[in-house]
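Structure below is start-v1.cif: mmCIF, C-alpha atoms and all ligand atoms.
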```
data_model
#
loop_
_atom_site.label_atom_id
_atom_site.label_comp_id
_atom_site.auth_asym_id
_atom_site.auth_seq_id
_atom_site.Cartn_x
_atom_site.Cartn_y
_atom_site.Cartn_z
CA MET L 160 381.29 60.99 74.08
CA ALA L 161 382.32 59.24 77.29
CA ARG L 162 385.78 60.71 76.89
CA LEU L 163 384.41 64.24 76.82
CA ARG L 164 382.02 63.68 79.70
CA TYR L 165 384.85 62.37 81.87
CA GLU L 166 387.07 65.33 81.00
CA ILE L 167 384.31 67.65 82.22
CA PHE L 168 383.59 65.50 85.28
CA SER L 169 387.31 65.60 86.08
CA GLU L 170 387.34 69.40 86.08
CA ILE L 171 384.31 69.49 88.38
CA ALA L 172 385.86 66.95 90.79
CA GLU L 173 389.05 69.01 90.85
CA GLU L 174 387.10 72.17 91.73
CA GLU L 175 385.31 70.30 94.51
CA GLY L 176 388.61 69.12 96.00
CA PHE L 177 388.29 65.43 95.07
CA LYS L 178 391.77 65.27 93.57
CA ASN L 179 391.94 61.52 93.13
CA VAL L 180 388.43 61.26 91.72
CA ALA L 181 389.50 63.97 89.25
CA ARG L 182 392.56 61.86 88.41
CA LEU L 183 390.37 58.77 87.94
CA PHE L 184 388.05 60.62 85.54
CA LYS L 185 391.09 61.91 83.64
CA ALA L 186 392.68 58.47 83.36
CA ILE L 187 389.47 56.74 82.30
CA SER L 188 388.84 59.54 79.83
CA TYR L 189 392.11 58.50 78.19
CA SER L 190 390.98 54.87 78.19
CA GLU L 191 387.80 55.93 76.37
CA LEU L 192 389.92 57.78 73.82
CA ILE L 193 391.75 54.53 73.09
CA HIS L 194 388.41 52.77 72.57
CA ALA L 195 387.17 55.56 70.31
CA LYS L 196 390.38 55.41 68.27
CA ASN L 197 390.23 51.64 67.87
CA HIS L 198 386.57 51.66 66.84
CA TYR L 199 386.95 54.68 64.55
CA LYS L 200 390.03 53.39 62.76
CA ASN L 201 388.19 50.15 61.99
CA LEU L 202 385.79 52.21 59.88
CA SER L 203 388.57 53.48 57.61
CA ASP L 204 387.11 51.80 54.52
CA LEU L 205 384.10 54.13 54.68
CA ASN L 206 384.00 57.50 52.94
CA GLN L 207 380.60 58.91 53.72
CA ASP L 208 378.58 60.97 56.18
CA LEU L 209 376.56 58.91 58.61
CA ARG L 210 374.01 59.71 61.26
CA VAL L 211 374.45 57.54 64.32
CA VAL L 212 372.27 56.99 67.35
CA ALA L 213 373.89 56.31 70.70
CA ARG L 214 372.68 56.30 74.27
CA ALA L 215 374.41 58.71 76.59
CA THR L 216 373.82 60.17 80.05
CA PHE L 217 373.00 63.88 80.23
CA GLY L 218 372.64 66.36 83.06
CA PRO L 219 376.00 66.90 84.74
CA GLY L 220 376.03 67.99 88.35
CA ASP L 221 378.32 67.68 91.33
CA THR L 222 380.83 64.84 91.59
CA ARG L 223 378.45 62.56 93.45
CA LYS L 224 375.87 62.91 90.67
CA ASN L 225 378.50 62.65 87.94
CA LEU L 226 379.79 59.37 89.36
CA GLY L 227 376.22 58.06 89.23
CA LEU L 228 375.96 59.08 85.57
CA ALA L 229 379.33 57.49 84.83
CA ILE L 230 378.37 54.23 86.56
CA ARG L 231 375.07 54.03 84.66
CA GLY L 232 376.85 54.67 81.38
CA GLU L 233 379.51 52.04 82.05
CA ILE L 234 376.92 49.46 83.14
CA HIS L 235 374.98 50.10 79.95
CA GLU L 236 378.16 49.47 77.94
CA VAL L 237 378.97 46.26 79.84
CA GLU L 238 375.48 44.77 79.98
CA GLU L 239 373.84 45.93 76.76
CA MET L 240 375.92 47.93 74.33
CA TYR L 241 379.07 45.89 73.81
CA PRO L 242 377.37 42.49 74.12
CA SER L 243 374.97 43.45 71.31
CA TYR L 244 377.77 45.00 69.22
CA LEU L 245 379.78 41.82 69.70
CA THR L 246 376.92 39.56 68.66
CA ILE L 247 376.50 41.50 65.42
CA ALA L 248 380.24 41.70 64.71
CA ILE L 249 380.50 37.92 65.12
CA GLN L 250 377.44 37.30 62.91
CA GLN L 251 378.90 39.54 60.21
CA GLY L 252 382.39 38.06 60.47
CA GLU L 253 383.90 41.46 61.26
CA ARG L 254 386.97 40.22 63.11
CA LYS L 255 388.63 43.58 63.70
CA ALA L 256 385.43 45.09 65.07
CA GLU L 257 384.96 42.02 67.25
CA LEU L 258 388.41 42.46 68.78
CA SER L 259 387.93 46.18 69.31
CA PHE L 260 384.62 45.54 71.12
CA ARG L 261 386.06 42.71 73.23
CA TRP L 262 388.94 44.87 74.41
CA ALA L 263 386.63 47.75 75.26
CA LEU L 264 384.15 45.50 77.07
CA GLU L 265 386.86 44.12 79.37
CA ALA L 266 388.11 47.60 80.25
CA GLU L 267 384.59 48.91 80.89
CA LYS L 268 384.01 46.22 83.53
CA ILE L 269 386.96 47.66 85.45
CA HIS L 270 385.64 51.20 84.98
CA VAL L 271 382.35 50.23 86.65
CA GLU L 272 384.22 48.94 89.72
CA LEU L 273 386.54 51.92 90.03
CA TYR L 274 383.71 54.41 89.73
CA GLN L 275 381.72 52.47 92.34
CA GLN L 276 384.70 52.69 94.73
CA ALA L 277 384.95 56.41 94.03
CA ARG L 278 381.24 56.88 94.71
CA ARG L 279 381.48 55.05 98.04
CA ALA L 280 384.25 57.43 99.10
CA VAL L 281 382.47 60.57 97.88
CA ASN L 282 379.22 59.50 99.58
CA GLU L 283 381.19 59.58 102.84
CA GLY L 284 382.55 63.01 101.95
CA LYS L 285 386.03 61.60 101.28
CA ASP L 286 388.32 61.48 98.28
CA LEU L 287 389.13 58.14 96.65
CA GLU L 288 392.28 56.50 98.01
CA ILE L 289 394.73 55.60 95.26
CA ASP L 290 397.87 53.68 96.10
CA GLY L 291 400.26 54.54 93.27
CA LYS L 292 399.06 55.53 89.85
CA ILE L 293 396.16 54.76 87.56
CA TRP L 294 397.65 52.96 84.55
CA ILE L 295 395.99 52.88 81.14
CA CYS L 296 397.08 50.56 78.34
CA SER L 297 397.42 52.76 75.26
CA VAL L 298 396.58 49.79 73.00
CA CYS L 299 393.30 48.56 74.52
CA GLY L 300 392.39 50.93 77.36
CA HIS L 301 392.95 48.40 80.16
CA THR L 302 392.81 50.26 83.47
CA THR L 303 394.61 49.29 86.66
CA ILE L 304 395.96 50.86 89.84
CA GLY L 305 399.40 50.23 91.36
CA SER L 306 402.94 51.45 91.82
CA GLU L 307 403.92 49.95 88.44
CA PRO L 308 401.97 48.87 85.37
CA PRO L 309 401.72 45.10 84.74
CA GLU L 310 404.50 43.42 82.72
CA ARG L 311 401.92 42.51 80.10
CA CYS L 312 398.44 43.84 79.57
CA PRO L 313 395.97 41.13 80.69
CA ILE L 314 393.57 42.13 77.91
CA CYS L 315 395.68 42.75 74.78
CA LYS L 316 399.11 41.42 75.92
CA ALA L 317 400.87 44.70 75.16
CA SER L 318 404.13 45.23 77.07
CA LYS L 319 404.60 47.42 80.12
CA GLU L 320 405.94 50.40 78.13
CA LYS L 321 402.56 50.81 76.45
CA TYR L 322 400.99 51.95 79.73
CA ARG L 323 400.47 55.58 80.55
CA GLY L 324 400.30 56.58 84.21
CA PHE L 325 397.98 59.19 85.71
FE FE L 401 384.52 53.10 80.31
FE FE L 402 396.07 46.41 76.60
#
```

Take the structure in this file and express it as structure tokens.
Ligand SMILES: [Fe+2]
Ligand SMILES: [Fe+2]
Amino acid sequence: MARLRYEIFSEIAEEEGFKNVARLFKAISYSELIHAKNHYKNLSDLNQDLRVVARATFGPGDTRKNLGLAIRGEIHEVEEMYPSYLTIAIQQGERKAELSFRWALEAEKIHVELYQQARRAVNEGKDLEIDGKIWICSVCGHTTIGSEPPERCPICKASKEKYRGF
């Protein structure tokens, strides 16, 4: 769901002329896709229809509002959602789920910070300054900004080639 929200927020930011905020939403949207893939693939032993309940932010608006929604959603993931998922995965001995949640949790912490930087800029009527590209690790969703991706992902240890630049 976060992936789709960020795609929509990216379009809105683009229309409002916040090109780099649009790029940030796009890049983080890809990071959320990686998380969704990792979590979803870990459920491959199921073959049934399930109803799930998840908390999500609703009510899109302009970019300033959307960044607020994004920050609240990310903080929820960092402070409540993934810590509780992790506790249960550990209790149940679900090692693959545990790893998938750990990787996502570490990336979400970075998402909170980047969105907060973007909101500070937008509150002043400015676009976010980005020096280089936004790099996303296609294995774990790690998110970082720079001229080059890191040699190794600090979260999952994947090599540089696994990063996608935005
Ligand atoms: Fe995130
Ligand atoms: Fe990674």

What residues of the protein or nucleic acid chains come within 7 Å of ligand FE 402 (chain L) when you use all atoms listed in the file? Reply as number ranges by chain.
L: 296-301, 312-317

In Å and to one decimal, CA of Phe168 in chain L is distant from CA of Ser243 in chain L by 27.5 Å

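Coordinates place CA of Ser306 in chain L at a distance of 22.4 Å from CA of Glu173 in chain L.
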
Gap from atom FE of ligand FE 401 (chain L) to CA of Glu307 in chain L - Å, one decimal
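So the two atoms, atom FE of ligand FE 401 (chain L) and CA of Glu307 in chain L, lie 21.3 Å apart.
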
Around (378.0, 54.7, 95.3) in the file's own coordinates, what residues are found within 12 Å if you use only C-alpha atoms, given back as a PyMOL selection string?
chain L and resi 222-231+271-284+287

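Identified as lying at most 9 Å from ligand FE 401 (chain L) when counting all atoms listed in the file are the residues Ala161, Arg162, Ile187, Ser188, Ser190, Glu191, His194, Ala229, Ile230, Gly232, Glu233, Ile234, Glu236, Val237, Ala263, Leu264, Ala266, Glu267, Lys268, Ile269, His270, Val271 and Gly300 of chain L.
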
Could the residues in this selection be saved with C-alpha atoms as a PDB file, in the coordinates of the input?
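Okay, selection-v3.pdb is ready:
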```pdb
ATOM      1  CA  ALA L 161     382.320  59.240  77.290  1.00  0.00           C
ATOM      2  CA  ARG L 162     385.780  60.710  76.890  1.00  0.00           C
ATOM      3  CA  ILE L 187     389.470  56.740  82.300  1.00  0.00           C
ATOM      4  CA  SER L 188     388.840  59.540  79.830  1.00  0.00           C
ATOM      5  CA  SER L 190     390.980  54.870  78.190  1.00  0.00           C
ATOM      6  CA  GLU L 191     387.800  55.930  76.370  1.00  0.00           C
ATOM      7  CA  HIS L 194     388.410  52.770  72.570  1.00  0.00           C
ATOM      8  CA  ALA L 229     379.330  57.490  84.830  1.00  0.00           C
ATOM      9  CA  ILE L 230     378.370  54.230  86.560  1.00  0.00           C
ATOM     10  CA  GLY L 232     376.850  54.670  81.380  1.00  0.00           C
ATOM     11  CA  GLU L 233     379.510  52.040  82.050  1.00  0.00           C
ATOM     12  CA  ILE L 234     376.920  49.460  83.140  1.00  0.00           C
ATOM     13  CA  GLU L 236     378.160  49.470  77.940  1.00  0.00           C
ATOM     14  CA  VAL L 237     378.970  46.260  79.840  1.00  0.00           C
ATOM     15  CA  ALA L 263     386.630  47.750  75.260  1.00  0.00           C
ATOM     16  CA  LEU L 264     384.150  45.500  77.070  1.00  0.00           C
ATOM     17  CA  ALA L 266     388.110  47.600  80.250  1.00  0.00           C
ATOM     18  CA  GLU L 267     384.590  48.910  80.890  1.00  0.00           C
ATOM     19  CA  LYS L 268     384.010  46.220  83.530  1.00  0.00           C
ATOM     20  CA  ILE L 269     386.960  47.660  85.450  1.00  0.00           C
ATOM     21  CA  HIS L 270     385.640  51.200  84.980  1.00  0.00           C
ATOM     22  CA  VAL L 271     382.350  50.230  86.650  1.00  0.00           C
ATOM     23  CA  GLY L 300     392.390  50.930  77.360  1.00  0.00           C
TER      24      GLY L 300
END
```

Measuring atom to atom with all atoms listed in the file, identify which of L:Thr303, L:Gln207, L:Thr216, L:Asn201 is nearest to Glu253 in chain L.
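Closest to Glu253 in chain L, using all atoms listed in the file: L:Asn201.
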
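Among the candidates L:Arg214, L:Lys292, L:Arg311, L:Lys178, the one nearest to Met160 in chain L when counting all atoms listed in the file is L:Arg214.
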
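Using only C-alpha atoms, the nearest neighbour of Phe184 in chain L within the list L:Met240, L:Leu163, L:Ala213, L:Leu202 is L:Leu163.
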
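With only C-alpha atoms as the atoms that count, the minimum distance from Ile193 in chain L to the choices L:Gly305, L:Ser259, L:Ile289, L:Lys319 is reached by L:Ser259.
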
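Closest to Phe260 in chain L among L:Trp294, L:Ala186, L:Tyr199, L:Asn179 is L:Tyr199, based on only C-alpha atoms.
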
For His198 in chain L, the nearest of the candidates L:Pro309, L:Asp221, L:Ala248, L:Ser169, counting all atoms listed in the file
L:Ala248
